[in-house]
file query-v7.txt (compact mmCIF, C-alpha atoms)
# COMPACT_ATOMS: atom_id res chain seq x y z
CA MET T 259 13.99 16.53 5.31
CA LYS T 260 11.28 13.93 5.46
CA PHE T 261 8.47 14.05 2.91
CA ALA T 262 5.07 12.34 3.05
CA VAL T 263 3.29 11.48 -0.19
CA ILE T 264 -0.36 10.99 0.70
CA VAL T 265 -1.99 8.17 -1.23
CA PHE T 266 -5.77 8.14 -1.65
CA PRO T 267 -7.66 5.40 -3.46
CA GLY T 268 -7.35 6.59 -7.05
CA SER T 269 -4.19 8.66 -6.66
CA ASN T 270 -1.96 7.87 -9.64
CA CYS T 271 0.94 10.31 -9.49
CA ASP T 272 2.19 9.11 -6.11
CA ASP T 273 5.06 7.14 -7.68
CA ASP T 274 6.11 10.14 -9.77
CA MET T 275 6.07 12.35 -6.69
CA TYR T 276 8.02 9.78 -4.69
CA TYR T 277 10.73 9.48 -7.34
CA ALA T 278 10.89 13.23 -7.87
CA ILE T 279 11.86 13.61 -4.21
CA GLU T 280 14.13 10.59 -4.14
CA GLU T 281 15.98 11.38 -7.36
CA THR T 282 15.96 15.16 -7.35
CA LEU T 283 16.67 15.71 -3.69
CA GLY T 284 17.83 12.36 -2.35
CA GLU T 285 15.83 13.09 0.77
CA GLU T 286 13.72 10.74 2.82
CA VAL T 287 10.25 10.16 1.39
CA GLU T 288 7.45 7.79 2.34
CA LYS T 289 4.06 7.01 0.95
CA VAL T 290 1.36 7.53 3.53
CA TRP T 291 -1.94 5.72 3.10
CA TYR T 292 -5.12 7.78 3.44
CA THR T 293 -6.15 5.88 6.57
CA GLU T 294 -3.25 7.25 8.67
CA THR T 295 -4.33 9.69 11.34
CA ASP T 296 -1.06 11.27 12.45
CA ILE T 297 1.49 12.65 10.01
CA SER T 298 3.19 15.06 12.40
CA ASP T 299 6.53 13.21 11.99
CA TYR T 300 6.96 14.49 8.44
CA ASP T 301 8.50 17.83 7.49
CA ALA T 302 6.43 18.32 4.35
CA VAL T 303 3.22 16.94 2.92
CA LEU T 304 2.73 16.19 -0.77
CA LEU T 305 -0.74 15.58 -2.20
CA PRO T 306 -0.31 13.89 -5.58
CA GLY T 307 -2.36 13.98 -8.73
CA GLY T 308 -4.80 11.37 -9.90
CA PHE T 309 -8.48 10.68 -9.53
CA SER T 310 -9.04 10.20 -5.83
CA TYR T 311 -12.29 8.34 -5.23
CA GLY T 312 -12.88 8.35 -8.97
CA ASP T 313 -13.54 12.11 -8.91
CA TYR T 314 -17.05 11.17 -7.80
CA LEU T 315 -19.33 14.08 -6.84
CA ARG T 316 -16.55 16.67 -7.44
CA SER T 317 -12.79 16.29 -7.84
CA GLY T 318 -11.25 16.05 -4.39
CA ALA T 319 -14.59 16.32 -2.56
CA ILE T 320 -14.51 12.87 -1.04
CA ALA T 321 -10.75 12.73 -0.45
CA ARG T 322 -11.10 15.90 1.58
CA PHE T 323 -12.88 13.83 4.26
CA ALA T 324 -10.45 10.89 4.20
CA PRO T 325 -9.08 10.07 7.69
CA VAL T 326 -5.60 11.45 6.94
CA MET T 327 -6.95 14.88 6.05
CA GLU T 328 -7.56 15.96 9.64
CA SER T 329 -3.84 15.67 10.29
CA VAL T 330 -2.97 17.25 6.92
CA ILE T 331 -5.14 20.26 7.79
CA ASP T 332 -3.63 20.44 11.27
CA GLN T 333 -0.06 20.34 9.94
CA ALA T 334 -0.91 22.87 7.23
CA GLN T 335 -2.32 25.26 9.79
CA ARG T 336 0.84 24.88 11.88
CA GLY T 337 2.82 26.17 8.91
CA LYS T 338 4.30 22.96 7.55
CA PRO T 339 4.97 23.00 3.80
CA VAL T 340 2.05 21.42 1.93
CA LEU T 341 2.16 20.95 -1.83
CA GLY T 342 -0.92 19.81 -3.74
CA ILE T 343 -0.51 19.00 -7.40
CA CYS T 344 -3.44 18.59 -9.79
CA ASN T 345 -5.91 16.41 -7.91
CA GLY T 346 -3.94 17.38 -4.78
CA PHE T 347 -4.73 21.04 -5.55
CA GLN T 348 -8.39 20.11 -5.95
CA VAL T 349 -8.32 18.41 -2.54
CA LEU T 350 -6.79 21.55 -0.97
CA LEU T 351 -9.57 23.66 -2.50
CA GLU T 352 -12.26 21.32 -1.25
CA ALA T 353 -10.63 21.37 2.20
CA ARG T 354 -10.77 25.20 2.06
CA LEU T 355 -7.04 25.37 2.75
CA LEU T 356 -6.92 27.40 -0.46
CA PRO T 357 -9.69 29.64 -1.81
CA GLY T 358 -11.72 29.02 -4.97
CA ALA T 359 -12.90 25.95 -6.84
CA MET T 360 -12.20 24.04 -10.04
CA GLN T 361 -14.55 23.69 -12.97
CA PHE T 362 -14.42 21.76 -16.21
CA ASN T 363 -11.92 23.20 -18.67
CA LYS T 364 -13.74 25.76 -20.77
CA ASN T 365 -13.37 23.63 -23.92
CA LEU T 366 -14.42 20.50 -21.98
CA LYS T 367 -11.30 18.67 -23.11
CA PHE T 368 -8.85 16.77 -20.99
CA ILE T 369 -5.61 18.67 -21.62
CA CYS T 370 -2.36 16.72 -21.42
CA ARG T 371 0.74 18.48 -22.71
CA PRO T 372 3.85 20.44 -21.73
CA THR T 373 2.73 23.96 -20.96
CA PRO T 374 4.68 27.20 -20.66
CA LEU T 375 4.08 28.92 -17.33
CA THR T 376 5.24 32.21 -15.91
CA VAL T 377 6.74 32.20 -12.44
CA ALA T 378 4.58 34.99 -11.05
CA ASN T 379 6.07 34.88 -7.56
CA ALA T 380 9.62 33.60 -7.01
CA ASP T 381 9.53 34.65 -3.38
CA THR T 382 7.73 31.67 -1.84
CA MET T 383 9.24 28.66 -0.09
CA PHE T 384 8.39 26.68 -3.22
CA THR T 385 9.89 28.97 -5.85
CA THR T 386 13.03 30.77 -4.63
CA GLU T 387 15.19 28.75 -7.02
CA TYR T 388 13.29 30.24 -9.98
CA GLU T 389 13.69 33.70 -11.38
CA GLN T 390 10.81 36.09 -11.01
CA GLY T 391 8.90 36.35 -14.27
CA SER T 392 10.78 33.52 -15.95
CA THR T 393 9.18 30.93 -18.21
CA VAL T 394 9.11 27.27 -17.17
CA THR T 395 7.68 24.39 -19.18
CA ILE T 396 5.81 21.89 -17.05
CA PRO T 397 3.21 19.33 -18.19
CA VAL T 398 -0.46 19.67 -17.34
CA ALA T 399 -2.89 16.76 -17.34
CA HIS T 400 -6.38 17.71 -16.26
CA GLY T 401 -10.00 17.92 -17.28
CA GLU T 402 -11.00 20.18 -14.41
CA GLY T 403 -8.37 22.86 -14.07
CA ASN T 404 -10.49 25.88 -14.82
CA TYR T 405 -9.84 27.84 -11.64
CA TYR T 406 -12.72 29.94 -10.36
CA CYS T 407 -12.94 32.40 -7.50
CA ASP T 408 -15.07 35.48 -6.97
CA ASP T 409 -13.73 38.93 -7.83
CA ASP T 410 -12.98 39.89 -4.23
CA THR T 411 -10.94 36.73 -3.69
CA LEU T 412 -9.07 37.28 -6.94
CA GLU T 413 -8.19 40.80 -5.84
CA VAL T 414 -6.86 39.48 -2.51
CA LEU T 415 -4.76 36.86 -4.33
CA LYS T 416 -3.30 39.53 -6.59
CA GLN T 417 -2.68 42.10 -3.85
CA ASN T 418 -0.86 39.58 -1.68
CA ASP T 419 1.25 38.00 -4.44
CA ARG T 420 -0.40 34.66 -3.85
CA ILE T 421 -0.56 33.80 -7.55
CA VAL T 422 2.62 31.75 -7.99
CA PHE T 423 2.30 30.30 -11.50
CA THR T 424 0.22 31.50 -14.45
CA TYR T 425 -0.46 29.93 -17.85
CA GLN T 426 1.05 31.90 -20.71
CA ASP T 427 -1.84 30.85 -22.94
CA ASP T 428 -5.43 30.57 -21.81
CA ILE T 429 -5.61 26.78 -21.97
CA ASN T 430 -8.52 26.08 -19.64
CA GLY T 431 -10.37 29.30 -18.80
CA SER T 432 -8.78 29.84 -15.36
CA ALA T 433 -9.40 33.21 -13.72
CA ALA T 434 -6.39 35.48 -14.35
CA GLY T 435 -4.63 32.50 -15.96
CA ILE T 436 -4.03 31.01 -12.53
CA ALA T 437 -2.07 27.75 -12.54
CA GLY T 438 -0.97 27.82 -8.88
CA ILE T 439 -1.69 29.78 -5.70
CA THR T 440 -0.60 29.81 -2.07
CA ASN T 441 -2.45 30.41 1.16
CA GLU T 442 -1.98 33.66 3.05
CA LYS T 443 0.94 32.34 5.12
CA GLY T 444 2.64 30.97 2.03
CA ASN T 445 3.21 27.43 3.32
CA ILE T 446 0.53 25.78 1.15
CA LEU T 447 0.89 25.67 -2.63
CA GLY T 448 -1.70 24.22 -4.96
CA MET T 449 -0.95 23.96 -8.66
CA MET T 450 -2.46 22.12 -11.62
CA PRO T 451 0.76 21.54 -13.63
CA HIS T 452 2.93 18.58 -12.64
CA PRO T 453 6.49 19.60 -11.62
CA GLU T 454 7.13 15.97 -10.59
CA ARG T 455 6.82 15.04 -14.28
CA ALA T 456 9.52 17.52 -15.25
CA VAL T 457 12.55 16.41 -13.25
CA SER T 458 14.84 14.88 -15.87
CA ASP T 459 15.89 15.38 -19.48
CA LEU T 460 14.45 11.96 -20.20
CA LEU T 461 11.02 13.34 -19.31
CA GLY T 462 11.45 16.29 -21.65
CA SER T 463 11.96 18.99 -19.04
CA THR T 464 13.83 19.60 -15.83
CA ASP T 465 11.94 22.77 -14.99
CA GLY T 466 10.11 21.07 -12.12
CA ARG T 467 13.28 20.26 -10.20
CA ARG T 468 13.77 23.74 -8.84
CA LEU T 469 10.41 23.63 -7.10
CA PHE T 470 11.49 20.68 -4.96
CA GLN T 471 14.95 22.17 -4.54
CA SER T 472 13.38 25.39 -3.29
CA MET T 473 11.37 23.47 -0.70
CA LEU T 474 14.48 21.71 0.57
CA LYS T 475 16.65 24.82 0.61
CA ASN T 476 14.11 26.92 2.47
CA TRP T 477 13.39 24.17 4.94
CA ARG T 478 17.11 23.77 5.65
CA GLU T 479 17.55 27.49 6.15
CA THR T 480 14.89 27.61 8.82
CA HIS T 481 15.47 24.22 10.43
CA VAL T 482 19.03 23.02 9.94
CA ALA T 483 20.82 26.36 10.15
CA SER T 484 19.20 27.24 13.46
CA SER T 485 19.69 23.87 15.11
CA MET X 48 -37.49 6.76 6.55
CA PHE X 49 -37.84 9.63 4.11
CA LYS X 50 -36.82 10.25 0.59
CA VAL X 51 -34.86 13.50 0.41
CA HIS X 52 -34.38 15.20 -2.94
CA VAL X 53 -31.32 17.43 -3.18
CA TYR X 54 -30.73 19.74 -6.13
CA VAL X 55 -27.28 21.23 -6.61
CA THR X 56 -26.97 24.07 -9.11
CA LEU X 57 -24.18 26.38 -10.19
CA LYS X 58 -24.30 29.81 -8.63
CA GLU X 59 -25.47 32.65 -10.81
CA GLY X 60 -22.51 34.21 -12.59
CA VAL X 61 -20.42 31.04 -12.54
CA LEU X 62 -19.80 29.94 -16.10
CA ASP X 63 -21.00 26.47 -17.04
CA PRO X 64 -18.88 25.00 -19.88
CA GLN X 65 -21.06 21.87 -20.05
CA GLY X 66 -24.25 23.92 -20.20
CA SER X 67 -22.80 26.06 -23.00
CA ALA X 68 -21.90 22.97 -25.02
CA VAL X 69 -25.42 21.58 -24.60
CA THR X 70 -26.93 24.95 -25.59
CA ASP X 71 -24.81 24.95 -28.76
CA SER X 72 -25.90 21.41 -29.53
CA LEU X 73 -29.58 22.27 -29.09
CA HIS X 74 -29.11 25.24 -31.40
CA ALA X 75 -27.46 22.99 -33.96
CA MET X 76 -30.57 20.78 -33.74
CA ASN X 77 -32.68 23.85 -34.53
CA TYR X 78 -34.02 24.38 -31.02
CA THR X 79 -33.08 28.01 -31.33
CA GLU X 80 -35.64 29.06 -28.73
CA VAL X 81 -33.28 27.82 -26.00
CA ASN X 82 -31.35 30.74 -24.56
CA SER X 83 -29.28 28.88 -22.05
CA VAL X 84 -28.75 25.57 -20.29
CA ARG X 85 -27.31 25.23 -16.80
CA ILE X 86 -26.36 21.74 -15.66
CA GLY X 87 -26.71 20.73 -12.04
CA LYS X 88 -26.96 17.57 -9.99
CA TYR X 89 -29.88 15.75 -8.46
CA LEU X 90 -29.25 13.50 -5.49
CA GLU X 91 -31.81 11.18 -3.96
CA LEU X 92 -31.21 10.24 -0.36
CA GLU X 93 -33.05 7.74 1.80
CA VAL X 94 -32.74 9.06 5.31
CA GLU X 95 -33.83 7.68 8.65
CA ASN X 96 -36.10 10.01 10.54
CA THR X 97 -33.86 11.72 13.11
CA ASP X 98 -34.06 14.77 15.31
CA ASN X 99 -32.88 17.89 13.51
CA LEU X 100 -33.42 16.18 10.17
CA GLU X 101 -33.43 19.46 8.24
CA LYS X 102 -30.40 20.83 10.02
CA ARG X 103 -28.45 17.66 9.34
CA ILE X 104 -29.39 17.65 5.67
CA GLU X 105 -28.26 21.27 5.37
CA GLU X 106 -24.96 20.31 6.99
CA MET X 107 -24.50 17.46 4.51
CA CYS X 108 -25.22 19.83 1.64
CA GLU X 109 -22.78 22.46 2.86
CA LYS X 110 -19.98 20.09 3.82
CA LEU X 111 -20.06 17.52 1.03
CA LEU X 112 -22.98 17.42 -1.38
CA SER X 113 -22.38 20.91 -2.75
CA ASN X 114 -19.38 23.21 -2.92
CA PRO X 115 -20.63 26.57 -1.62
CA VAL X 116 -17.86 28.39 -3.52
CA ILE X 117 -19.55 27.69 -6.86
CA GLU X 118 -22.83 25.92 -6.09
CA ASP X 119 -26.19 26.50 -4.43
CA TYR X 120 -28.46 23.77 -3.18
CA THR X 121 -32.12 23.23 -2.41
CA TYR X 122 -33.80 20.17 -1.02
CA THR X 123 -37.22 18.79 -0.34
CA ILE X 124 -38.13 16.12 2.13
CA GLY X 125 -40.38 13.80 0.23
CA GLU X 126 -42.65 10.91 0.98
CA ALA X 127 -41.99 8.47 3.79
CA VAL X 128 -40.73 5.18 2.45
CA SER X 129 -40.81 1.84 4.18
CA SER X 130 -37.42 0.41 5.01
call {"tool": "encode", "arguments": {"input": "query-v7.txt", "output": "structure tokens"}}
result
Amino acid sequence: MKFAVIVFPGSNCDDDMYYAIEETLGEEVEKVWYTETDISDYDAVLLPGGFSYGDYLRSGAIARFAPVMESVIDQAQRGKPVLGICNGFQVLLEARLLPGAMQFNKNLKFICRPTPLTVANADTMFTTEYEQGSTVTIPVAHGEGNYYCDDDTLEVLKQNDRIVFTYQDDINGSAAGIAGITNEKGNILGMMPHPERAVSDLLGSTDGRRLFQSMLKNWRETHVASS
Amino acid sequence: MFKVHVYVTLKEGVLDPQGSAVTDSLHAMNYTEVNSVRIGKYLELEVENTDNLEKRIEEMCEKLLSNPVIEDYTYTIGEAVSS
């Protein structure tokens, strides 16, 4: 399985994401600069955290129009796995690949700490290696992770099991405690916590590993088994 | 060339953590008559006179300058400026 880590000016978790794939999965992974226009060769797209374009205007707003995004959107709509973490989630929201928007954390603080999450849906291509309803501890690091969507959208997310991770404590004011959601098809996951920072005991947690392992396992089941 | 003034504000009903903090601060300073503060953005554009000027400005506002999920925008086309 071949992963692309998209690098925007101001991305700063691209190395972490790269090593998470390399060390956790031992699969092929490449960094792809934001000026690329065709990423169809990759099997999965990873949008890392950071401060793309300095978070100017709104987090992710300018990155959303970077040259590479046309191909990211195209691949996402074709059903390829797309994972956006932190700033990557914000980019997916700005690109309207996922519904809603981010606001400043309700206490206006940048929050950076390991955070207990509930796996609210273990039946996505990103979470099958987790147990439904289990607790995982994954670090967050954001100032704008206060997820907002209107009531109708929230109802749709709930009805269709598109809320994948929730915060166990209300750390930032997110609607329904949302930490991560998928699109309707389930091939796009956006989440504020950083699973790529929780892939070894040295980092304090290995709870992020199973997310990447789920991606690989589910990809193999649909691609390798049938070929 | 025109000066275009764009105002981006949070939609009604969307909470504004920054505005709340500023309201609290004003109250602490004894400006208790302030009931609420909502913080928005003001953008000043210098724009060449083109066909469909208004339509193009609205496009810019909807695509990039504001996020229609949480924000509204208004704009005025101001005085002509020499380039």
call {"tool": "atom_distance", "arguments": {"input": "query-v7.txt", "atom1": "atom CA of Phe362 of chain T", "atom2": "atom CA of Gly403 of chain T"}}
result
6.5 Å
call {"tool": "closest_residue", "arguments": {"input": "query-v7.txt", "among": "X:Val81, X:Met76, X:Val53, X:Leu62", "to": "chain T", "atoms": "only C-alpha atoms"}}
result
X:Leu62
call {"tool": "residues_around", "arguments": {"input": "query-v7.txt", "residues": "segment 462-474 of chain T", "least_positions_apart": "5", "cutoff": "8 Å", "atoms": "all atoms listed in the file", "output": "compact mmCIF listing (two decimals) with C-alpha atoms, in the frame of the given file"}}
result
# COMPACT_ATOMS: atom_id res chain seq x y z
CA MET T 259 13.99 16.53 5.31
CA ALA T 278 10.89 13.23 -7.87
CA ILE T 279 11.86 13.61 -4.21
CA THR T 282 15.96 15.16 -7.35
CA LEU T 283 16.67 15.71 -3.69
CA PRO T 339 4.97 23.00 3.80
CA MET T 383 9.24 28.66 -0.09
CA PHE T 384 8.39 26.68 -3.22
CA THR T 385 9.89 28.97 -5.85
CA THR T 386 13.03 30.77 -4.63
CA GLU T 387 15.19 28.75 -7.02
CA TYR T 388 13.29 30.24 -9.98
CA VAL T 394 9.11 27.27 -17.17
CA THR T 395 7.68 24.39 -19.18
CA ILE T 396 5.81 21.89 -17.05
CA HIS T 452 2.93 18.58 -12.64
CA PRO T 453 6.49 19.60 -11.62
CA GLU T 454 7.13 15.97 -10.59
CA ARG T 455 6.82 15.04 -14.28
CA ALA T 456 9.52 17.52 -15.25
CA VAL T 457 12.55 16.41 -13.25
call {"tool": "atom_distance", "arguments": {"input": "query-v7.txt", "atom1": "atom CA of Thr293 of chain T", "atom2": "atom CA of Glu281 of chain T"}}
result
26.7 Å
call {"tool": "interface_residues", "arguments": {"input": "query-v7.txt", "of": "chain T", "to": "chain X", "cutoff": "9 Å", "atoms": "all atoms listed in the file", "output": "compact mmCIF listing (two decimals) with C-alpha atoms, in the coordinates of the input"}}
result
# COMPACT_ATOMS: atom_id res chain seq x y z
CA LEU T 315 -19.33 14.08 -6.84
CA ARG T 316 -16.55 16.67 -7.44
CA ALA T 319 -14.59 16.32 -2.56
CA ILE T 320 -14.51 12.87 -1.04
CA PHE T 323 -12.88 13.83 4.26
CA GLU T 352 -12.26 21.32 -1.25
CA PRO T 357 -9.69 29.64 -1.81
CA GLY T 358 -11.72 29.02 -4.97
CA ALA T 359 -12.90 25.95 -6.84
CA MET T 360 -12.20 24.04 -10.04
CA GLN T 361 -14.55 23.69 -12.97
CA PHE T 362 -14.42 21.76 -16.21
CA ASN T 363 -11.92 23.20 -18.67
CA LYS T 364 -13.74 25.76 -20.77
CA ASN T 365 -13.37 23.63 -23.92
CA LEU T 366 -14.42 20.50 -21.98
CA TYR T 406 -12.72 29.94 -10.36
CA CYS T 407 -12.94 32.40 -7.50
CA ASP T 408 -15.07 35.48 -6.97
call {"tool": "atom_distance", "arguments": {"input": "query-v7.txt", "atom1": "atom CA of His481 of chain T", "atom2": "atom CA of Tyr277 of chain T"}}
result
23.6 Å
call {"tool": "residues_around", "arguments": {"input": "query-v7.txt", "residues": "segment 95-108 of chain X", "least_positions_apart": "5", "cutoff": "10 Å", "atoms": "only C-alpha atoms", "output": "VMD selection string"}}
result
chain X and resid 48 to 51 53 to 55 113 to 115 119 to 124 127 to 128 130
call {"tool": "closest_residue", "arguments": {"input": "query-v7.txt", "among": "T:Ile439, T:Val287, T:Ala302, T:Val422", "to": "Thr376 of chain T", "atoms": "all atoms listed in the file"}}
result
T:Val422
call {"tool": "build_atoms", "arguments": {"input": "query-v7.txt", "residues": "segment 94-114 of chain X", "atoms": "N, CA, C and O atoms", "output": "compact mmCIF listing (two decimals), in the frame of the given file"}}
result
# COMPACT_ATOMS: atom_id res chain seq x y z
N VAL X 94 -33.27 8.61 4.02
CA VAL X 94 -32.74 9.06 5.31
C VAL X 94 -33.67 8.61 6.44
O VAL X 94 -34.89 8.77 6.34
N GLU X 95 -33.05 8.04 7.47
CA GLU X 95 -33.83 7.68 8.65
C GLU X 95 -34.37 8.95 9.30
O GLU X 95 -33.69 9.99 9.30
N ASN X 96 -35.55 8.85 9.87
CA ASN X 96 -36.10 10.01 10.54
C ASN X 96 -35.33 10.27 11.84
O ASN X 96 -35.30 9.43 12.73
N THR X 97 -34.62 11.40 11.90
CA THR X 97 -33.86 11.72 13.11
C THR X 97 -34.27 13.10 13.60
O THR X 97 -34.90 13.86 12.88
N ASP X 98 -33.88 13.40 14.82
CA ASP X 98 -34.06 14.77 15.31
C ASP X 98 -33.23 15.68 14.42
O ASP X 98 -32.21 15.27 13.88
N ASN X 99 -33.63 16.90 14.30
CA ASN X 99 -32.88 17.89 13.51
C ASN X 99 -32.65 17.44 12.08
O ASN X 99 -31.61 17.72 11.52
N LEU X 100 -33.60 16.73 11.52
CA LEU X 100 -33.42 16.18 10.17
C LEU X 100 -33.00 17.28 9.18
O LEU X 100 -32.03 17.12 8.44
N GLU X 101 -33.73 18.40 9.22
CA GLU X 101 -33.43 19.46 8.24
C GLU X 101 -32.04 20.03 8.46
O GLU X 101 -31.30 20.27 7.51
N LYS X 102 -31.71 20.25 9.71
CA LYS X 102 -30.40 20.83 10.02
C LYS X 102 -29.30 19.89 9.53
O LYS X 102 -28.29 20.34 8.97
N ARG X 103 -29.48 18.61 9.75
CA ARG X 103 -28.45 17.66 9.34
C ARG X 103 -28.33 17.57 7.81
O ARG X 103 -27.24 17.45 7.29
N ILE X 104 -29.46 17.67 7.13
CA ILE X 104 -29.39 17.65 5.67
C ILE X 104 -28.66 18.89 5.16
O ILE X 104 -27.82 18.82 4.25
N GLU X 105 -28.96 20.03 5.79
CA GLU X 105 -28.26 21.27 5.37
C GLU X 105 -26.75 21.15 5.60
O GLU X 105 -25.95 21.58 4.78
N GLU X 106 -26.39 20.54 6.72
CA GLU X 106 -24.96 20.31 6.99
C GLU X 106 -24.33 19.45 5.90
O GLU X 106 -23.25 19.75 5.39
N MET X 107 -25.03 18.37 5.55
CA MET X 107 -24.50 17.46 4.51
C MET X 107 -24.32 18.22 3.21
O MET X 107 -23.32 18.05 2.52
N CYS X 108 -25.29 19.07 2.90
CA CYS X 108 -25.22 19.83 1.64
C CYS X 108 -24.05 20.79 1.66
O CYS X 108 -23.35 20.94 0.67
N GLU X 109 -23.85 21.45 2.81
CA GLU X 109 -22.78 22.46 2.86
C GLU X 109 -21.40 21.83 2.95
O GLU X 109 -20.43 22.36 2.41
N LYS X 110 -21.30 20.70 3.64
CA LYS X 110 -19.98 20.09 3.82
C LYS X 110 -19.55 19.26 2.61
O LYS X 110 -18.40 19.28 2.22
N LEU X 111 -20.48 18.50 2.05
CA LEU X 111 -20.06 17.52 1.03
C LEU X 111 -20.86 17.58 -0.28
O LEU X 111 -20.28 17.61 -1.36
N LEU X 112 -22.18 17.62 -0.17
CA LEU X 112 -22.98 17.42 -1.38
C LEU X 112 -22.87 18.56 -2.36
O LEU X 112 -22.99 18.38 -3.57
N SER X 113 -22.63 19.79 -1.84
CA SER X 113 -22.38 20.91 -2.75
C SER X 113 -21.09 21.59 -2.35
O SER X 113 -20.60 21.40 -1.24
N ASN X 114 -20.53 22.37 -3.24
CA ASN X 114 -19.38 23.21 -2.92
C ASN X 114 -19.86 24.66 -2.91
O ASN X 114 -20.08 25.24 -3.97
